[in-house]
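Trainee: One file: query-v2.cif (mmCIF, C-alpha atoms).
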```
data_start
#
loop_
_atom_site.group_PDB
_atom_site.id
_atom_site.type_symbol
_atom_site.label_atom_id
_atom_site.label_comp_id
_atom_site.auth_asym_id
_atom_site.auth_seq_id
_atom_site.Cartn_x
_atom_site.Cartn_y
_atom_site.Cartn_z
ATOM 1 C CA MET A 1 0.000 0.000 0.000
ATOM 2 C CA LYS A 2 2.807 2.397 0.949
ATOM 3 C CA THR A 3 4.583 1.655 -2.316
ATOM 4 C CA THR A 4 1.396 2.360 -4.298
ATOM 5 C CA VAL A 5 0.814 5.652 -2.471
ATOM 6 C CA SER A 6 4.430 6.680 -2.972
ATOM 7 C CA MET A 7 4.277 5.924 -6.670
ATOM 8 C CA GLN A 8 1.025 7.883 -7.008
ATOM 9 C CA PHE A 9 2.588 10.847 -5.210
ATOM 10 C CA ILE A 10 5.687 10.738 -7.402
ATOM 11 C CA GLY A 11 3.491 10.573 -10.500
ATOM 12 C CA TYR A 12 1.489 13.572 -9.286
ATOM 13 C CA VAL A 13 4.676 15.574 -8.702
ATOM 14 C CA LEU A 14 6.027 14.662 -12.119
ATOM 15 C CA TYR A 15 2.737 15.808 -13.690
ATOM 16 C CA VAL A 16 2.268 19.027 -11.727
ATOM 17 C CA ALA A 17 5.863 20.250 -11.521
ATOM 18 C CA PRO A 18 6.227 21.227 -15.202
ATOM 19 C CA VAL A 19 2.900 23.055 -15.034
ATOM 20 C CA LEU A 20 4.023 25.020 -11.985
ATOM 21 C CA VAL A 21 7.387 25.814 -13.583
ATOM 22 C CA ALA A 22 5.658 27.018 -16.771
ATOM 23 C CA ALA A 23 3.222 29.161 -14.795
ATOM 24 C CA ASN A 24 6.087 30.638 -12.777
ATOM 25 C CA ALA A 25 8.099 31.328 -15.938
ATOM 26 C CA SER A 26 5.075 32.996 -17.494
ATOM 27 C CA ALA A 27 4.604 35.187 -14.428
ATOM 28 C CA GLN A 28 8.284 36.094 -14.531
ATOM 29 C CA ASP A 29 8.024 36.952 -18.240
ATOM 30 C CA VAL A 30 5.102 39.283 -17.564
ATOM 31 C CA ALA A 31 6.890 40.950 -14.656
ATOM 32 C CA ALA A 32 10.065 41.419 -16.738
ATOM 33 C CA PHE A 33 8.257 42.805 -19.790
ATOM 34 C CA PRO A 34 9.764 44.083 -21.970
ATOM 35 C CA ALA A 35 12.982 42.098 -22.014
ATOM 36 C CA LYS A 36 13.677 42.386 -25.751
ATOM 37 C CA THR A 37 12.824 44.372 -28.876
ATOM 38 C CA ILE A 38 9.154 45.119 -29.551
ATOM 39 C CA ARG A 39 8.012 45.024 -33.164
ATOM 40 C CA VAL A 40 5.121 47.205 -34.351
ATOM 41 C CA ILE A 41 3.589 45.855 -37.547
ATOM 42 C CA VAL A 42 2.241 48.527 -39.905
ATOM 43 C CA PRO A 43 -0.013 46.803 -42.470
ATOM 44 C CA ALA A 44 0.625 49.534 -45.048
ATOM 45 C CA ALA A 45 3.478 50.971 -47.065
ATOM 46 C CA PRO A 46 6.066 53.421 -45.667
ATOM 47 C CA GLY A 47 5.089 57.084 -45.925
ATOM 48 C CA GLY A 48 1.381 56.675 -45.211
ATOM 49 C CA GLY A 49 -0.584 57.772 -42.167
ATOM 50 C CA ALA A 50 -0.216 54.519 -40.224
ATOM 51 C CA ASP A 51 3.528 54.469 -40.855
ATOM 52 C CA ILE A 52 3.925 58.088 -39.726
ATOM 53 C CA ILE A 53 1.996 57.468 -36.496
ATOM 54 C CA ALA A 54 3.897 54.262 -35.713
ATOM 55 C CA ARG A 55 7.262 55.982 -36.120
ATOM 56 C CA LEU A 56 6.086 58.986 -34.133
ATOM 57 C CA PHE A 57 5.493 56.771 -31.095
ATOM 58 C CA ALA A 58 8.387 54.339 -31.569
ATOM 59 C CA GLN A 59 11.076 56.677 -30.242
ATOM 60 C CA PRO A 60 9.363 57.794 -27.000
ATOM 61 C CA LEU A 61 8.300 54.200 -26.288
ATOM 62 C CA THR A 62 11.873 53.039 -26.793
ATOM 63 C CA ARG A 63 12.989 55.554 -24.166
ATOM 64 C CA SER A 64 10.266 54.792 -21.632
ATOM 65 C CA LEU A 65 10.273 50.998 -21.973
ATOM 66 C CA GLY A 66 14.049 50.628 -22.083
ATOM 67 C CA GLN A 67 13.896 48.355 -25.146
ATOM 68 C CA SER A 68 13.926 49.089 -28.861
ATOM 69 C CA VAL A 69 10.533 49.587 -30.488
ATOM 70 C CA VAL A 70 10.900 49.035 -34.238
ATOM 71 C CA VAL A 71 8.431 49.570 -37.070
ATOM 72 C CA ASP A 72 7.948 46.735 -39.557
ATOM 73 C CA ASN A 73 5.916 47.542 -42.703
ATOM 74 C CA ARG A 74 3.933 44.580 -44.061
ATOM 75 C CA ALA A 75 1.810 46.124 -46.789
ATOM 76 C CA GLY A 76 -0.622 44.397 -49.091
ATOM 77 C CA ALA A 77 -4.133 43.038 -49.571
ATOM 78 C CA ALA A 78 -5.911 46.034 -48.006
ATOM 79 C CA ASN A 79 -4.067 45.710 -44.676
ATOM 80 C CA ILE A 80 -4.877 42.001 -44.438
ATOM 81 C CA ILE A 81 -1.304 40.660 -44.657
ATOM 82 C CA GLY A 82 0.102 42.653 -41.755
ATOM 83 C CA THR A 83 -3.038 42.405 -39.646
ATOM 84 C CA GLU A 84 -3.164 38.609 -39.993
ATOM 85 C CA LEU A 85 0.511 38.380 -39.034
ATOM 86 C CA VAL A 86 -0.190 40.006 -35.665
ATOM 87 C CA ALA A 87 -3.382 38.017 -35.086
ATOM 88 C CA LYS A 88 -1.348 34.803 -35.376
ATOM 89 C CA SER A 89 1.704 35.992 -33.415
ATOM 90 C CA PRO A 90 2.542 34.840 -29.879
ATOM 91 C CA ALA A 91 0.505 36.706 -27.266
ATOM 92 C CA ASP A 92 3.564 37.959 -25.397
ATOM 93 C CA GLY A 93 3.466 41.696 -26.166
ATOM 94 C CA TYR A 94 6.485 41.680 -28.460
ATOM 95 C CA THR A 95 4.515 41.871 -31.718
ATOM 96 C CA LEU A 96 1.973 44.684 -31.894
ATOM 97 C CA LEU A 97 -0.299 46.058 -34.599
ATOM 98 C CA LEU A 98 -0.745 49.669 -35.622
ATOM 99 C CA GLY A 99 -4.360 49.097 -36.604
ATOM 100 C CA THR A 100 -6.575 51.360 -38.670
ATOM 101 C CA THR A 101 -10.249 51.814 -39.405
ATOM 102 C CA GLY A 102 -9.752 50.143 -42.780
ATOM 103 C CA GLY A 103 -8.160 46.953 -41.543
ATOM 104 C CA LEU A 104 -10.364 46.427 -38.497
ATOM 105 C CA ALA A 105 -13.719 48.114 -39.171
ATOM 106 C CA ASN A 106 -13.998 48.042 -42.972
ATOM 107 C CA ASN A 107 -12.439 44.750 -44.080
ATOM 108 C CA PRO A 108 -14.902 42.574 -42.121
ATOM 109 C CA LEU A 109 -17.688 44.156 -44.178
ATOM 110 C CA LEU A 110 -16.041 43.496 -47.538
ATOM 111 C CA TYR A 111 -14.480 40.052 -47.268
ATOM 112 C CA LEU A 112 -16.416 36.889 -46.512
ATOM 113 C CA LYS A 113 -13.393 34.927 -45.299
ATOM 114 C CA LEU A 114 -10.924 37.161 -43.502
ATOM 115 C CA PRO A 115 -8.009 35.306 -41.865
ATOM 116 C CA TYR A 116 -8.660 37.233 -38.644
ATOM 117 C CA ASP A 117 -11.560 38.476 -36.543
ATOM 118 C CA SER A 118 -11.316 42.145 -35.554
ATOM 119 C CA LEU A 119 -13.007 41.622 -32.188
ATOM 120 C CA ARG A 120 -11.914 38.104 -31.271
ATOM 121 C CA ASP A 121 -8.256 37.969 -32.350
ATOM 122 C CA PHE A 122 -6.888 41.155 -30.780
ATOM 123 C CA ALA A 123 -6.426 42.758 -27.404
ATOM 124 C CA PRO A 124 -6.919 46.525 -27.934
ATOM 125 C CA VAL A 125 -4.305 48.612 -26.121
ATOM 126 C CA SER A 126 -5.146 52.222 -27.004
ATOM 127 C CA ASN A 127 -6.519 54.283 -29.851
ATOM 128 C CA VAL A 128 -3.831 56.942 -30.205
ATOM 129 C CA ALA A 129 -4.805 59.283 -33.058
ATOM 130 C CA ASN A 130 -7.516 60.260 -35.493
ATOM 131 C CA SER A 131 -7.015 61.905 -38.849
ATOM 132 C CA ALA A 132 -9.691 63.310 -41.100
ATOM 133 C CA PHE A 133 -9.214 62.889 -44.828
ATOM 134 C CA VAL A 134 -8.656 65.568 -47.412
ATOM 135 C CA LEU A 135 -9.999 65.285 -50.950
ATOM 136 C CA VAL A 136 -7.084 66.082 -53.249
ATOM 137 C CA VAL A 137 -6.718 66.352 -57.016
ATOM 138 C CA HIS A 138 -3.781 66.814 -59.345
ATOM 139 C CA PRO A 139 -3.174 70.549 -60.055
ATOM 140 C CA SER A 140 -3.880 69.946 -63.751
ATOM 141 C CA MET A 141 -7.509 69.132 -62.947
ATOM 142 C CA PRO A 142 -9.800 72.054 -63.985
ATOM 143 C CA VAL A 143 -11.582 72.118 -60.603
ATOM 144 C CA LYS A 144 -11.006 74.097 -57.437
ATOM 145 C CA THR A 145 -14.025 73.084 -55.362
ATOM 146 C CA VAL A 146 -15.980 69.948 -54.530
ATOM 147 C CA THR A 147 -18.946 71.353 -56.461
ATOM 148 C CA GLU A 148 -16.822 71.811 -59.579
ATOM 149 C CA LEU A 149 -15.487 68.252 -59.235
ATOM 150 C CA VAL A 150 -19.016 66.856 -58.984
ATOM 151 C CA THR A 151 -20.089 68.853 -62.047
ATOM 152 C CA LEU A 152 -17.085 67.586 -64.056
ATOM 153 C CA ALA A 153 -17.673 63.991 -62.957
ATOM 154 C CA LYS A 154 -21.324 64.130 -64.018
ATOM 155 C CA ARG A 155 -20.224 65.439 -67.407
ATOM 156 C CA LYS A 156 -17.638 62.644 -67.797
ATOM 157 C CA PRO A 157 -19.092 59.513 -66.161
ATOM 158 C CA GLY A 158 -16.589 56.658 -65.912
ATOM 159 C CA GLU A 159 -13.696 58.794 -67.192
ATOM 160 C CA LEU A 160 -12.163 60.132 -63.976
ATOM 161 C CA SER A 161 -10.111 57.867 -61.735
ATOM 162 C CA TYR A 162 -9.541 57.893 -58.011
ATOM 163 C CA ALA A 163 -6.842 56.270 -55.905
ATOM 164 C CA SER A 164 -7.400 54.541 -52.584
ATOM 165 C CA TRP A 165 -5.429 52.584 -50.005
ATOM 166 C CA GLY A 166 -7.018 49.427 -51.393
ATOM 167 C CA LYS A 167 -10.403 47.765 -51.686
ATOM 168 C CA GLY A 168 -12.286 48.113 -48.425
ATOM 169 C CA SER A 169 -9.913 50.723 -47.038
ATOM 170 C CA SER A 170 -11.196 53.831 -45.287
ATOM 171 C CA THR A 171 -10.361 55.980 -48.310
ATOM 172 C CA HIS A 172 -12.230 53.590 -50.603
ATOM 173 C CA LEU A 173 -15.360 53.782 -48.453
ATOM 174 C CA ALA A 174 -15.040 57.564 -48.104
ATOM 175 C CA THR A 175 -15.145 57.803 -51.896
ATOM 176 C CA MET A 176 -18.106 55.409 -51.978
ATOM 177 C CA LEU A 177 -19.873 57.704 -49.531
ATOM 178 C CA LEU A 178 -19.365 60.647 -51.904
ATOM 179 C CA THR A 179 -20.235 58.779 -55.109
ATOM 180 C CA THR A 180 -23.370 57.298 -53.557
ATOM 181 C CA ARG A 181 -24.658 60.623 -52.308
ATOM 182 C CA ALA A 182 -23.773 62.531 -55.516
ATOM 183 C CA GLN A 183 -24.530 59.624 -57.883
ATOM 184 C CA LEU A 184 -21.112 59.717 -59.538
ATOM 185 C CA ASP A 185 -19.207 57.139 -61.567
ATOM 186 C CA PHE A 186 -15.427 56.996 -61.051
ATOM 187 C CA VAL A 187 -12.809 54.390 -61.926
ATOM 188 C CA HIS A 188 -11.220 52.869 -58.814
ATOM 189 C CA VAL A 189 -7.424 52.421 -58.784
ATOM 190 C CA PRO A 190 -6.444 50.609 -55.556
ATOM 191 C CA TYR A 191 -2.959 50.755 -54.034
ATOM 192 C CA LYS A 192 -1.244 49.143 -51.036
ATOM 193 C CA GLY A 193 -1.351 52.410 -49.109
ATOM 194 C CA SER A 194 -0.840 56.157 -49.283
ATOM 195 C CA GLY A 195 2.906 55.797 -49.791
ATOM 196 C CA HIS A 196 2.317 53.727 -52.915
ATOM 197 C CA MET A 197 -0.424 55.853 -54.460
ATOM 198 C CA MET A 198 1.188 59.272 -53.941
ATOM 199 C CA PRO A 199 3.754 59.010 -56.792
ATOM 200 C CA ASP A 200 0.937 58.355 -59.273
ATOM 201 C CA MET A 201 -1.183 61.135 -57.797
ATOM 202 C CA ILE A 202 1.678 63.632 -58.057
ATOM 203 C CA ALA A 203 2.457 62.484 -61.612
ATOM 204 C CA GLY A 204 -1.177 62.993 -62.607
ATOM 205 C CA ASN A 205 -1.726 59.337 -63.505
ATOM 206 C CA VAL A 206 -4.741 59.291 -61.172
ATOM 207 C CA GLN A 207 -6.977 62.354 -60.918
ATOM 208 C CA MET A 208 -8.239 62.384 -57.340
ATOM 209 C CA ALA A 209 -8.154 60.697 -53.944
ATOM 210 C CA PHE A 210 -9.255 60.911 -50.376
ATOM 211 C CA ASP A 211 -6.112 60.690 -48.280
ATOM 212 C CA SER A 212 -4.999 61.160 -44.710
ATOM 213 C CA MET A 213 -3.884 64.659 -43.807
ATOM 214 C CA LEU A 214 -0.830 63.004 -42.302
ATOM 215 C CA SER A 215 0.511 62.148 -45.729
ATOM 216 C CA SER A 216 -1.186 64.713 -48.007
ATOM 217 C CA VAL A 217 -0.704 68.046 -46.250
ATOM 218 C CA PRO A 218 3.009 68.378 -47.174
ATOM 219 C CA TYR A 219 2.163 67.868 -50.875
ATOM 220 C CA VAL A 220 -0.723 70.334 -50.709
ATOM 221 C CA LYS A 221 1.474 72.982 -49.107
ATOM 222 C CA ALA A 222 4.167 72.363 -51.735
ATOM 223 C CA GLY A 223 1.614 72.888 -54.515
ATOM 224 C CA ARG A 224 1.960 69.359 -55.856
ATOM 225 C CA LEU A 225 -1.641 68.518 -55.003
ATOM 226 C CA ARG A 226 -4.759 70.692 -54.717
ATOM 227 C CA ALA A 227 -7.066 70.256 -51.720
ATOM 228 C CA LEU A 228 -10.802 70.597 -52.401
ATOM 229 C CA GLY A 229 -12.358 69.661 -49.072
ATOM 230 C CA VAL A 230 -11.815 68.016 -45.706
ATOM 231 C CA THR A 231 -13.942 65.212 -44.309
ATOM 232 C CA ALA A 232 -14.218 66.573 -40.775
ATOM 233 C CA LEU A 233 -17.264 68.562 -39.712
ATOM 234 C CA LYS A 234 -15.080 71.614 -39.120
ATOM 235 C CA THR A 235 -12.204 73.123 -41.046
ATOM 236 C CA SER A 236 -8.633 72.123 -40.259
ATOM 237 C CA ALA A 237 -6.093 74.455 -38.695
ATOM 238 C CA VAL A 238 -3.390 73.132 -41.035
ATOM 239 C CA LEU A 239 -5.555 73.762 -44.134
ATOM 240 C CA PRO A 240 -7.532 76.835 -43.006
ATOM 241 C CA GLY A 241 -8.630 77.841 -46.492
ATOM 242 C CA VAL A 242 -10.053 74.431 -47.377
ATOM 243 C CA PRO A 243 -13.804 74.045 -46.671
ATOM 244 C CA THR A 244 -15.501 70.944 -45.346
ATOM 245 C CA ILE A 245 -17.192 68.604 -47.796
ATOM 246 C CA ALA A 246 -20.301 68.897 -45.638
ATOM 247 C CA SER A 247 -20.472 72.598 -46.507
ATOM 248 C CA ALA A 248 -20.505 71.757 -50.232
ATOM 249 C CA GLY A 249 -24.002 70.351 -50.022
ATOM 250 C CA PHE A 250 -23.219 67.024 -48.344
ATOM 251 C CA GLU A 251 -24.623 67.609 -44.891
ATOM 252 C CA GLY A 252 -23.082 65.455 -42.173
ATOM 253 C CA PHE A 253 -20.340 64.115 -44.472
ATOM 254 C CA GLU A 254 -17.628 62.798 -42.169
ATOM 255 C CA ALA A 255 -14.881 60.230 -42.704
ATOM 256 C CA GLY A 256 -11.360 59.541 -41.594
ATOM 257 C CA SER A 257 -9.153 56.966 -39.986
ATOM 258 C CA TRP A 258 -8.110 56.282 -36.454
ATOM 259 C CA TYR A 259 -4.783 54.698 -35.610
ATOM 260 C CA GLY A 260 -4.549 52.407 -32.618
ATOM 261 C CA VAL A 261 -2.235 49.873 -31.037
ATOM 262 C CA LEU A 262 -3.382 46.287 -30.529
ATOM 263 C CA ALA A 263 -1.764 43.097 -29.269
ATOM 264 C CA PRO A 264 -2.706 39.514 -30.128
ATOM 265 C CA ALA A 265 -5.669 38.139 -28.178
ATOM 266 C CA LYS A 266 -4.851 36.526 -24.812
ATOM 267 C CA THR A 267 -1.930 38.870 -24.188
ATOM 268 C CA ALA A 268 -1.575 39.167 -20.411
ATOM 269 C CA PRO A 269 -3.692 42.033 -18.999
ATOM 270 C CA GLN A 270 -0.630 43.302 -17.113
ATOM 271 C CA ILE A 271 1.279 43.709 -20.390
ATOM 272 C CA VAL A 272 -1.670 45.410 -22.087
ATOM 273 C CA SER A 273 -1.995 47.752 -19.100
ATOM 274 C CA LYS A 274 1.717 48.622 -19.138
ATOM 275 C CA LEU A 275 1.680 49.363 -22.858
ATOM 276 C CA ASN A 276 -1.474 51.446 -22.442
ATOM 277 C CA GLY A 277 0.114 53.519 -19.696
ATOM 278 C CA GLU A 278 3.253 54.201 -21.728
ATOM 279 C CA LEU A 279 1.229 55.171 -24.798
ATOM 280 C CA LEU A 280 -0.907 57.578 -22.791
ATOM 281 C CA LYS A 281 2.249 59.220 -21.444
ATOM 282 C CA ALA A 282 3.777 59.437 -24.929
ATOM 283 C CA ILE A 283 0.653 61.127 -26.318
ATOM 284 C CA LYS A 284 1.140 63.994 -23.843
ATOM 285 C CA LEU A 285 4.754 64.687 -24.885
ATOM 286 C CA PRO A 286 5.143 68.155 -26.474
ATOM 287 C CA GLU A 287 7.059 66.795 -29.478
ATOM 288 C CA VAL A 288 4.309 64.269 -30.195
ATOM 289 C CA LEU A 289 1.500 66.820 -29.820
ATOM 290 C CA ASP A 290 3.341 69.386 -31.954
ATOM 291 C CA ARG A 291 3.992 66.873 -34.722
ATOM 292 C CA MET A 292 0.358 65.741 -34.740
ATOM 293 C CA ALA A 293 -0.888 69.321 -34.834
ATOM 294 C CA SER A 294 1.393 70.134 -37.773
ATOM 295 C CA LEU A 295 -0.141 67.243 -39.712
ATOM 296 C CA GLY A 296 -3.763 67.974 -38.844
ATOM 297 C CA THR A 297 -4.111 64.913 -36.641
ATOM 298 C CA ASP A 298 -6.019 64.736 -33.365
ATOM 299 C CA PRO A 299 -4.408 62.922 -30.417
ATOM 300 C CA LEU A 300 -6.694 60.433 -28.703
ATOM 301 C CA GLY A 301 -5.522 58.101 -25.938
ATOM 302 C CA THR A 302 -8.142 55.638 -24.747
ATOM 303 C CA THR A 303 -8.529 52.701 -22.416
ATOM 304 C CA PRO A 304 -8.518 49.235 -23.985
ATOM 305 C CA ALA A 305 -12.274 48.981 -23.358
ATOM 306 C CA GLU A 306 -12.958 52.339 -25.045
ATOM 307 C CA PHE A 307 -10.922 51.287 -28.068
ATOM 308 C CA SER A 308 -12.864 48.030 -28.316
ATOM 309 C CA GLU A 309 -16.145 49.959 -28.321
ATOM 310 C CA GLN A 310 -14.822 52.259 -31.059
ATOM 311 C CA ILE A 311 -14.133 49.297 -33.328
ATOM 312 C CA LYS A 312 -17.650 47.949 -32.737
ATOM 313 C CA ALA A 313 -19.213 51.371 -33.414
ATOM 314 C CA ASP A 314 -17.350 51.796 -36.701
ATOM 315 C CA LEU A 315 -18.278 48.306 -37.862
ATOM 316 C CA ALA A 316 -21.922 49.371 -37.497
ATOM 317 C CA LYS A 317 -21.399 52.808 -39.096
ATOM 318 C CA TRP A 318 -19.631 51.609 -42.236
ATOM 319 C CA ALA A 319 -21.945 48.636 -42.678
ATOM 320 C CA LYS A 320 -24.610 51.173 -43.626
ATOM 321 C CA VAL A 321 -22.332 52.776 -46.236
ATOM 322 C CA VAL A 322 -21.425 49.401 -47.744
ATOM 323 C CA LYS A 323 -25.098 48.482 -47.999
ATOM 324 C CA ALA A 324 -26.094 51.834 -49.518
ATOM 325 C CA ALA A 325 -23.304 51.570 -52.091
ATOM 326 C CA GLY A 326 -24.391 48.068 -53.020
ATOM 327 C CA ILE A 327 -20.920 46.632 -52.388
ATOM 328 C CA GLN A 328 -20.969 42.841 -52.235
ATOM 329 C CA PRO A 329 -18.454 41.108 -49.935
ATOM 330 C CA GLU A 330 -15.901 38.940 -51.721
#
```
Would you mind writing the structure in this file as structure tokens?

Mentor:
Amino acid sequence: MKTTVSMQFIGYVLYVAPVLVAANASAQDVAAFPAKTIRVIVPAAPGGGADIIARLFAQPLTRSLGQSVVVDNRAGAANIIGTELVAKSPADGYTLLLGTTGGLANNPLLYLKLPYDSLRDFAPVSNVANSAFVLVVHPSMPVKTVTELVTLAKRKPGELSYASWGKGSSTHLATMLLTTRAQLDFVHVPYKGSGHMMPDMIAGNVQMAFDSMLSSVPYVKAGRLRALGVTALKTSAVLPGVPTIASAGFEGFEAGSWYGVLAPAKTAPQIVSKLNGELLKAIKLPEVLDRMASLGTDPLGTTPAEFSEQIKADLAKWAKVVKAAGIQPE
């Protein structure tokens, strides 16, 4: 009997010990976070709004966390490639996503089989910034207002082209919102992101686009693009002479993109909380606020729960636009 009990006890120890060691190691990993380089995946090309925001926060986070925070651009397939990469990464806090409205709130409405679930596969950390769009055209276009653009488009149905960050992106749906309300017919030319479409816009190969102020304002100020209207409900301080699209007869017209940080689902709450706290501190830094203001971007800074609710709200908002435009999910 004693031998049987002893063998049972030994078996129990051999079974439980590895579990306890793993749990202890996991607790130690959380307490020591971060102990190595953190990678922020940007699911768009360099030079676009998401890339600019990610790099804006990388340096202050590197200082405050004591480990390098590097930006890794994984563009393609309307943000799907980079977003999926993070969804399937280890939930240890070392691979993060700089998520956008397009990848998380628009794609689920336009693709029947996404390789990720916006609500189930991520742990929101904080929504850090919001940028309205600006409707820009090449300077050779014979229009200086939204009204003139609409008139020209009605006169030349199917002849004018517009660029976007890709099918299902925020800029694609912003254009759909305009074309649906004004009953226009444009040719869609999708790109992997703002950084990829800008050379063609500047060269005049594509006539118009909605784009983030983050990436377009420098070209507007340099005279390489002409701004017709902004998608906020009030004018922008960085483009004071540019009216809102709402004021051009499209009451309530509002579009844009938020930029937020997310971790893979099941990331330890302590790690999410630490990252949230450091992001909220970084948002208040003068150099971050000044840079955002110069680009017409609004700083946010939310709790993980608030960010989660924002994603849900935008899924509902843009579902109505997709339905009104008659877009069928692929």

Trainee: List the residues matched by the PyMOL selection byres ((chain A and resi 95) around 9) in the displayed structure as a list in words, ordered by chain and then by residue number.

Mentor: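 For this structure, the PyMOL selection byres ((chain A and resi 95) around 9) captures Ile38, Arg39, Val40, Ile41, Val86, Ser89, Pro90, Ala91, Asp92, Gly93, Tyr94, Leu96, Leu97, Ala263 and Pro264 of chain A.
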
Trainee: Figure out the distance between CA of Thr62 (chain A) and CA of Ala35 (chain A), please, to one decimal in Å.

Mentor: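 Distance between the two atoms: 12.0 Å.
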
Trainee: Report the residues retrieved by the PyMOL selection byres ((chain A and resi 320-329) around 12) from the displayed file, expressed as an MDAnalysis selection string.

Mentor: chainID A and resid 105:114 167:170 172:185 253:255 313:319 330

Trainee: Looking at A:Gly256, A:Gly48, A:Gly223, A:Gly76, which one is nearest to Asp298 (chain A), with distances taken over only C-alpha atoms?

Mentor: A:Gly256

Trainee: Exactly which residues make up the result of the PyMOL selection byres ((chain A and resi 132) around 10) on this file, given as an MDAnalysis selection string?

Mentor: chainID A and resid 130:131 133:134 210:214 230:233 236 254:258 296:298

Trainee: Name all residues at most 10 Å from Val42 (chain A) (count all atoms listed in the file; drop same-chain ones fewer than 3 positions away) and give them as number ranges by chain.

Mentor: A: 39, 45-46, 48-55, 71-75, 79, 81-83, 86, 96-100

Trainee: Just to confirm, what's the straight-line distance from CA of Pro218 (chain A) to CA of Val146 (chain A) in Å (one decimal)?

Mentor: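 According to the coordinates, CA of Pro218 (chain A) and CA of Val146 (chain A) are separated by 20.4 Å.
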
Trainee: Give me the residues within 9 Å of Tyr116 (chain A) as a list in words, counting all atoms listed in the file and dropping any in the same chain fewer than 5 places off.

Mentor: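 Listing them by chain and then by number gives Ile80, Thr83, Glu84, Ala87, Lys88, Pro108, Asp121 and Phe122 of chain A.
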
Trainee: Tell me, as a ChimeraX atom specification, which residues lie within 10 Å of region 148-163 of chain A, counting only C-alpha atoms; anything in the same chain fewer than 6 positions away does not count.

Mentor: /A:136-137,141-142,171-172,175,178-179,182-191,193-194,196-198,200-201,205-211,228

Trainee: Hey, which of A:Ile311, A:Pro43, A:Lys274, A:Ala129 ends up closest to Leu85 (chain A)? Count all atoms listed in the file.

Mentor: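 Of all the options, A:Pro43 lies closest to Leu85 (chain A).
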
Trainee: Could you tell me how far CA of Ser308 (chain A) sits from CA of Ala32 (chain A), in Å to one decimal place?

Mentor: 26.5 Å
